[in-house]
Amino acid sequence: MSDNGDHLARVRELERLEFLRTERRHLWVRLGVALTALILTLSLKVAVPVVAVLSLALLVAFPFVARGLGRDASRARLRAITRIAVGFYVATGALWVLLLAPNAADLTLAIAAPTLAAAATIGLRVALGATALFLAVEIVAAYLRADVYGYPHQIAALALELAAIVGIGVISGLATDALRTARRAGRRLRRASALLSGFAPQIAGTLDEEEALRRVVGAAVELSDAHGGVIAARDPQTGRYRIRGLVNAPESLAGREMPPGQGLTALVLERGETVVAAGAELLAILPDFSRGMGWASAMGTPVRIGEEVAAVPVVWTRDPARRFDSIDRSGLESVATLAATALANARLYAGVELQRRRLRLLYEMRAIVGSSLELETILERALEQLEDVFGMARSFVLLSDDDARSLRVRAHRGAVRADVGDLVIAVDQGLSGAAFRDRRVVNVADVTKDDRYVLTAPDVRSEIALPLVTGETPVGVLLVSSARAAAFGPDDEQVLTLFADELSAVIANARAYDAQREAALRDDRTGLYNHRYFREALERELARAERHGAALSLLFIDLDDLKGINDRYGHEAGDAVIQRVAKLMTRDRRRTDVAARIGGEEFALLLPETGQADALAIAERLRADAALDAIDVSGERIAFTISVGVATFPDTARDASSLRRAADMALYAAKRAGRDRVAAAPRGSRG
């Protein structure tokens, strides 16, 4: 807080010096007015001593009257009454001179002096207007004296009176304006001092850099009585300046990068000091995106941390008559010094927090690996940790297909588009495709300005894509999005990069485990799932169908007369036919379908979310494909056929056992009907 005390002491010293200068000017002005009035009074005839004394008193006292009138802006009614009174005073004074001047010329100055002094209490313009009026009146009076009433011309006396009138009017008006300017400056300085006293603990009271920047620009706008403001902060990685806080400015500016060599920010960086620009000078340096905002005057100053300019706050006004002065400059520079301390503290805290988050991340990822080796489970838990530990509520993991031509969403978290689970993105599209192809982080502050963006949610403003790489091979992308523009700063990028590296290693381990598990669950001859996996999948899919009220169909498939083929052509031919049936079963299948070999010539096909009519159509198409197909063995073409039994939950079965039994009975019905047939379990046979 010692820095804050220095800022306040600096403002108070500036206030004291400003008052000393203005009070010194006022003293000489008052002395000059009083001396002029005294000389004029002594030159008057004894016949008008009362008017002369009144003139002297008003001339000396009018600054104090002006101070009283200008102290409180709520006295608007009193000032209005004063204007009316002064207008009446000026008008009657002019008539008095015109009517009495031929007989008492010396009354001109006696009347003009207090009239001009009173007019000056309102302002310089009123005083000058009254002066011009009295000059005209004096000239008319001189004409009347000489040419109408026959008095002799007194050129020297007339010149003296005219000069006295001008001197009194101008000096009175200038003195009043100087006093009011000093009063306004004093009020502004006291207000600045009070505001800085309040802003200092607010700005220093946060360790969040984004919040500190918002408070700094808010303080700068209020302190300088500006219409709006922004603050551009330096990106440590790119060295570019990006808008990170704004007040009374379009939200579209948030996250925008400042063009090199353009704008007041560039001018501040070039000169290394506070810069005030207005009019044509300001218009010449403004970047394109701010030209239509109606800036009349703008001011910016550097925020230094050591030798680095960490940020540049800029405030502006749309009033052409308003130009930032030395008090505004001093206030903005004081805010900048407060900002430097706050940003330094925030960055120090961010470094400590980043290290803590890294350690927490390593711990959580190792805990995830220890809890499961199932890939889907690991991905879901990893995204949960991303939200719980780092507050990133909307995230996706996309993994590549076997030929690395597309990326498919395998896990997601947060509010997303309804069909995101089926989202497939080609590797030459989207931010995720760019991160996958180039194996680099893609961080976009505003996706509405990036043509590569693929919609994942309606309110996304910023998104970061990080490649998942195993060895030298990219395997997928971690995608994190936010509804806030420029949401992912350098620290976030570092943590997410570490997270993506850890996740890549976890995916590699999980895939190795899946490969071993897959080998244990596959039939060596056909590559289809084995009987053990089929039973697990049936229980799992049946539970899911019950939970969601969906249909589940089961096809039992038998290769007709496999023994005859083995006897006639040998077991090699029989194996080739079995492999061909397996190929027909997996052709054009959905990812959720399960094809298995459950016996020598027996197969099963599990079809989630498929009713009996669709299942019968699939079975018939499979049977027809087999009947039209054949294999070549030693130059001989061997044809084969299959029989298929179809059962559907919940139409023909109520559990896994009854579903298998119903499909088995339908298969035997097809066999008894002459083979090369499709038969369905009858509805209601839920035994």
# chains A, B, ... in the order shown; residues from 1 in each chain; ligands from 1
call {"tool": "residues_around", "arguments": {"residues": "Ala656 (chain A)", "least_positions_apart": "5", "cutoff": "12 Å", "atoms": "only C-alpha atoms", "output": "list in words"}}
result
Phe534, Arg535, Glu536, Ala537, Leu538, Glu539, Arg540, Glu541, Leu542, Ala543, Ala545, Glu546, Leu552, Ser553, Leu554, Leu606, Ala647, Thr648, Phe649, Pro650, Arg661, Ala662, Ala663, Arg686 and Gly687 of chain A
call {"tool": "select_by_dssp", "arguments": {"residues": "region 324-518 of chain A", "states": "strand (DSSP E or B)", "output": "ChimeraX atom specification"}}
result
/A:395-400,406-413,424-426,442-444,462-470,473-482
call {"tool": "write_last_selection", "arguments": {"atoms": "N, CA, C and O atoms", "output": "compact mmCIF listing (two decimals), in the first residue's frame"}}
result
# COMPACT_ATOMS: atom_id res chain seq x y z
N SER A 395 -16.48 -29.56 -23.03
CA SER A 395 -15.28 -30.15 -23.62
C SER A 395 -15.64 -31.41 -24.40
O SER A 395 -16.71 -32.01 -24.19
N PHE A 396 -14.74 -31.80 -25.30
CA PHE A 396 -14.96 -32.94 -26.19
C PHE A 396 -13.64 -33.67 -26.38
O PHE A 396 -12.57 -33.06 -26.37
N VAL A 397 -13.73 -34.99 -26.59
CA VAL A 397 -12.59 -35.76 -27.06
C VAL A 397 -13.00 -36.40 -28.38
O VAL A 397 -14.01 -37.11 -28.45
N LEU A 398 -12.23 -36.11 -29.42
CA LEU A 398 -12.47 -36.71 -30.73
C LEU A 398 -11.29 -37.62 -31.06
O LEU A 398 -10.13 -37.21 -30.91
N LEU A 399 -11.58 -38.84 -31.47
CA LEU A 399 -10.54 -39.80 -31.85
C LEU A 399 -10.66 -40.10 -33.34
O LEU A 399 -11.76 -40.10 -33.91
N SER A 400 -9.52 -40.37 -33.94
CA SER A 400 -9.49 -40.60 -35.39
C SER A 400 -9.93 -42.03 -35.71
O SER A 400 -9.82 -42.94 -34.88
N SER A 406 -10.96 -38.99 -40.61
CA SER A 406 -12.02 -38.26 -39.91
C SER A 406 -11.87 -38.43 -38.41
O SER A 406 -11.19 -39.34 -37.92
N LEU A 407 -12.50 -37.51 -37.69
CA LEU A 407 -12.49 -37.51 -36.22
C LEU A 407 -13.92 -37.67 -35.73
O LEU A 407 -14.82 -36.98 -36.19
N ARG A 408 -14.10 -38.57 -34.78
CA ARG A 408 -15.44 -38.84 -34.24
C ARG A 408 -15.46 -38.51 -32.75
O ARG A 408 -14.52 -38.81 -32.02
N VAL A 409 -16.55 -37.85 -32.31
CA VAL A 409 -16.69 -37.52 -30.90
C VAL A 409 -16.88 -38.82 -30.11
O VAL A 409 -17.82 -39.57 -30.34
N ARG A 410 -15.96 -39.06 -29.15
CA ARG A 410 -16.04 -40.27 -28.31
C ARG A 410 -16.48 -39.95 -26.88
O ARG A 410 -16.90 -40.84 -26.15
N ALA A 411 -16.33 -38.70 -26.47
CA ALA A 411 -16.79 -38.28 -25.15
C ALA A 411 -17.02 -36.78 -25.18
O ALA A 411 -16.33 -36.05 -25.89
N HIS A 412 -18.01 -36.31 -24.43
CA HIS A 412 -18.28 -34.87 -24.37
C HIS A 412 -18.91 -34.54 -23.03
O HIS A 412 -19.45 -35.40 -22.33
N ARG A 413 -18.83 -33.25 -22.68
CA ARG A 413 -19.39 -32.78 -21.41
C ARG A 413 -19.87 -31.34 -21.58
O ARG A 413 -19.24 -30.55 -22.27
N VAL A 424 -19.09 -36.27 -36.77
CA VAL A 424 -17.86 -36.72 -37.41
C VAL A 424 -17.29 -35.55 -38.20
O VAL A 424 -18.00 -34.93 -39.01
N ILE A 425 -16.03 -35.22 -37.97
CA ILE A 425 -15.39 -34.08 -38.63
C ILE A 425 -14.22 -34.59 -39.46
O ILE A 425 -13.34 -35.30 -38.94
N ALA A 426 -14.20 -34.25 -40.73
CA ALA A 426 -13.07 -34.62 -41.57
C ALA A 426 -11.81 -33.90 -41.09
O ALA A 426 -11.88 -32.79 -40.56
N VAL A 442 -4.47 -24.99 -31.48
CA VAL A 442 -5.21 -23.95 -32.21
C VAL A 442 -6.12 -23.26 -31.20
O VAL A 442 -7.08 -23.86 -30.70
N ASN A 443 -5.81 -22.01 -30.89
CA ASN A 443 -6.55 -21.24 -29.89
C ASN A 443 -7.19 -20.04 -30.58
O ASN A 443 -6.50 -19.13 -31.03
N VAL A 444 -8.52 -20.05 -30.67
CA VAL A 444 -9.25 -18.99 -31.38
C VAL A 444 -10.04 -18.17 -30.37
O VAL A 444 -10.90 -18.71 -29.66
N SER A 462 -15.33 -18.69 -27.98
CA SER A 462 -13.90 -19.02 -28.13
C SER A 462 -13.73 -20.52 -27.98
O SER A 462 -14.52 -21.20 -27.30
N GLU A 463 -12.68 -21.04 -28.63
CA GLU A 463 -12.46 -22.49 -28.61
C GLU A 463 -10.97 -22.77 -28.76
O GLU A 463 -10.26 -22.04 -29.46
N ILE A 464 -10.52 -23.82 -28.08
CA ILE A 464 -9.12 -24.24 -28.18
C ILE A 464 -9.09 -25.72 -28.50
O ILE A 464 -9.83 -26.52 -27.89
N ALA A 465 -8.28 -26.09 -29.48
CA ALA A 465 -8.14 -27.49 -29.91
C ALA A 465 -6.70 -27.92 -29.69
O ALA A 465 -5.77 -27.22 -30.12
N LEU A 466 -6.52 -29.06 -29.01
CA LEU A 466 -5.18 -29.54 -28.69
C LEU A 466 -5.02 -30.95 -29.24
O LEU A 466 -5.87 -31.82 -28.99
N PRO A 467 -3.94 -31.22 -29.99
CA PRO A 467 -3.76 -32.55 -30.56
C PRO A 467 -3.43 -33.59 -29.48
O PRO A 467 -2.73 -33.29 -28.51
N LEU A 468 -3.95 -34.79 -29.66
CA LEU A 468 -3.60 -35.93 -28.82
C LEU A 468 -2.66 -36.81 -29.64
O LEU A 468 -3.06 -37.34 -30.69
N VAL A 469 -1.43 -36.92 -29.18
CA VAL A 469 -0.38 -37.58 -29.98
C VAL A 469 0.22 -38.71 -29.17
O VAL A 469 0.62 -38.53 -28.01
N THR A 470 0.29 -39.90 -29.79
CA THR A 470 0.95 -41.06 -29.19
C THR A 470 2.20 -41.35 -30.00
O THR A 470 2.12 -41.72 -31.18
N THR A 473 2.43 -40.23 -33.72
CA THR A 473 1.18 -40.38 -34.45
C THR A 473 0.04 -39.66 -33.74
O THR A 473 -0.24 -39.94 -32.57
N PRO A 474 -0.64 -38.72 -34.42
CA PRO A 474 -1.82 -38.10 -33.82
C PRO A 474 -2.97 -39.10 -33.77
O PRO A 474 -3.24 -39.80 -34.74
N VAL A 475 -3.63 -39.17 -32.64
CA VAL A 475 -4.73 -40.12 -32.47
C VAL A 475 -6.06 -39.43 -32.24
O VAL A 475 -7.11 -40.08 -32.28
N GLY A 476 -6.04 -38.12 -31.98
CA GLY A 476 -7.30 -37.43 -31.73
C GLY A 476 -7.07 -35.99 -31.34
O GLY A 476 -5.97 -35.44 -31.48
N VAL A 477 -8.11 -35.37 -30.80
CA VAL A 477 -8.08 -33.95 -30.44
C VAL A 477 -8.90 -33.74 -29.16
O VAL A 477 -9.99 -34.32 -29.01
N LEU A 478 -8.34 -32.93 -28.27
CA LEU A 478 -9.09 -32.43 -27.11
C LEU A 478 -9.62 -31.05 -27.48
O LEU A 478 -8.84 -30.17 -27.83
N LEU A 479 -10.93 -30.87 -27.40
CA LEU A 479 -11.57 -29.63 -27.81
C LEU A 479 -12.29 -29.04 -26.60
O LEU A 479 -13.10 -29.71 -25.95
N VAL A 480 -11.96 -27.79 -26.27
CA VAL A 480 -12.60 -27.10 -25.14
C VAL A 480 -13.14 -25.77 -25.65
O VAL A 480 -12.43 -25.03 -26.34
N SER A 481 -14.40 -25.46 -25.31
CA SER A 481 -15.03 -24.23 -25.81
C SER A 481 -15.63 -23.45 -24.65
O SER A 481 -15.83 -23.97 -23.56
N SER A 482 -15.91 -22.17 -24.93
CA SER A 482 -16.46 -21.28 -23.92
C SER A 482 -17.41 -20.30 -24.57
O SER A 482 -17.25 -19.94 -25.74
call {"tool": "atom_distance", "arguments": {"atom1": "CA of Thr341 (chain A)", "atom2": "CA of Ala277 (chain A)"}}
result
26.7 Å
call {"tool": "closest_residue", "arguments": {"among": "A:Ala311, A:Met585, A:Ala220, A:Ala415", "to": "Gly239 (chain A)", "atoms": "only C-alpha atoms"}}
result
A:Ala311
call {"tool": "atom_distance", "arguments": {"atom1": "CA of Asp325 (chain A)", "atom2": "CA of Glu251 (chain A)"}}
result
28.5 Å
call {"tool": "closest_residue", "arguments": {"among": "A:Leu628, A:Ala573, A:Leu423, A:Ala298", "to": "Ala280 (chain A)", "atoms": "only C-alpha atoms"}}
result
A:Ala298
call {"tool": "atom_distance", "arguments": {"atom1": "CA of Leu503 (chain A)", "atom2": "CA of Thr456 (chain A)"}}
result
21.3 Å
call {"tool": "residues_around", "arguments": {"residues": "Leu332 (chain A)", "least_positions_apart": "6", "cutoff": "8 Å", "atoms": "only C-alpha atoms", "output": "list in words"}}
result
Ala220, Leu223, Ser224, Gly300 and Thr301 of chain A
call {"tool": "residues_around", "arguments": {"residues": "region 385-391 of chain A", "least_positions_apart": "4", "cutoff": "8 Å", "atoms": "only C-alpha atoms", "output": "PDB file with N, CA, C and O atoms, in the first residue's frame"}}
result
ATOM      1  N   ARG A 357      -2.078 -26.379 -10.074  1.00  0.00           N
ATOM      2  CA  ARG A 357      -3.000 -27.077 -10.976  1.00  0.00           C
ATOM      3  C   ARG A 357      -2.299 -28.207 -11.727  1.00  0.00           C
ATOM      4  O   ARG A 357      -2.886 -29.256 -11.970  1.00  0.00           O
ATOM      5  N   ARG A 360      -2.032 -31.042  -9.329  1.00  0.00           N
ATOM      6  CA  ARG A 360      -3.359 -31.643  -9.161  1.00  0.00           C
ATOM      7  C   ARG A 360      -3.739 -32.455 -10.395  1.00  0.00           C
ATOM      8  O   ARG A 360      -4.324 -33.543 -10.287  1.00  0.00           O
ATOM      9  N   LEU A 361      -3.406 -31.924 -11.555  1.00  0.00           N
ATOM     10  CA  LEU A 361      -3.706 -32.624 -12.800  1.00  0.00           C
ATOM     11  C   LEU A 361      -3.007 -33.974 -12.856  1.00  0.00           C
ATOM     12  O   LEU A 361      -3.621 -35.004 -13.169  1.00  0.00           O
ATOM     13  N   GLU A 364      -4.707 -36.374 -10.482  1.00  0.00           N
ATOM     14  CA  GLU A 364      -6.022 -36.820 -10.925  1.00  0.00           C
ATOM     15  C   GLU A 364      -5.925 -37.777 -12.110  1.00  0.00           C
ATOM     16  O   GLU A 364      -6.662 -38.766 -12.173  1.00  0.00           O
ATOM     17  N   ARG A 381     -14.283 -39.671 -17.421  1.00  0.00           N
ATOM     18  CA  ARG A 381     -13.751 -39.206 -16.141  1.00  0.00           C
ATOM     19  C   ARG A 381     -12.722 -38.084 -16.342  1.00  0.00           C
ATOM     20  O   ARG A 381     -12.628 -37.175 -15.506  1.00  0.00           O
TER      21      ARG A 381
END
call {"tool": "select_by_dssp", "arguments": {"residues": "region 471-519 of chain A", "states": "helix (DSSP H, G or I)", "output": "VMD selection string"}}
result
chain A and resid 490 to 519
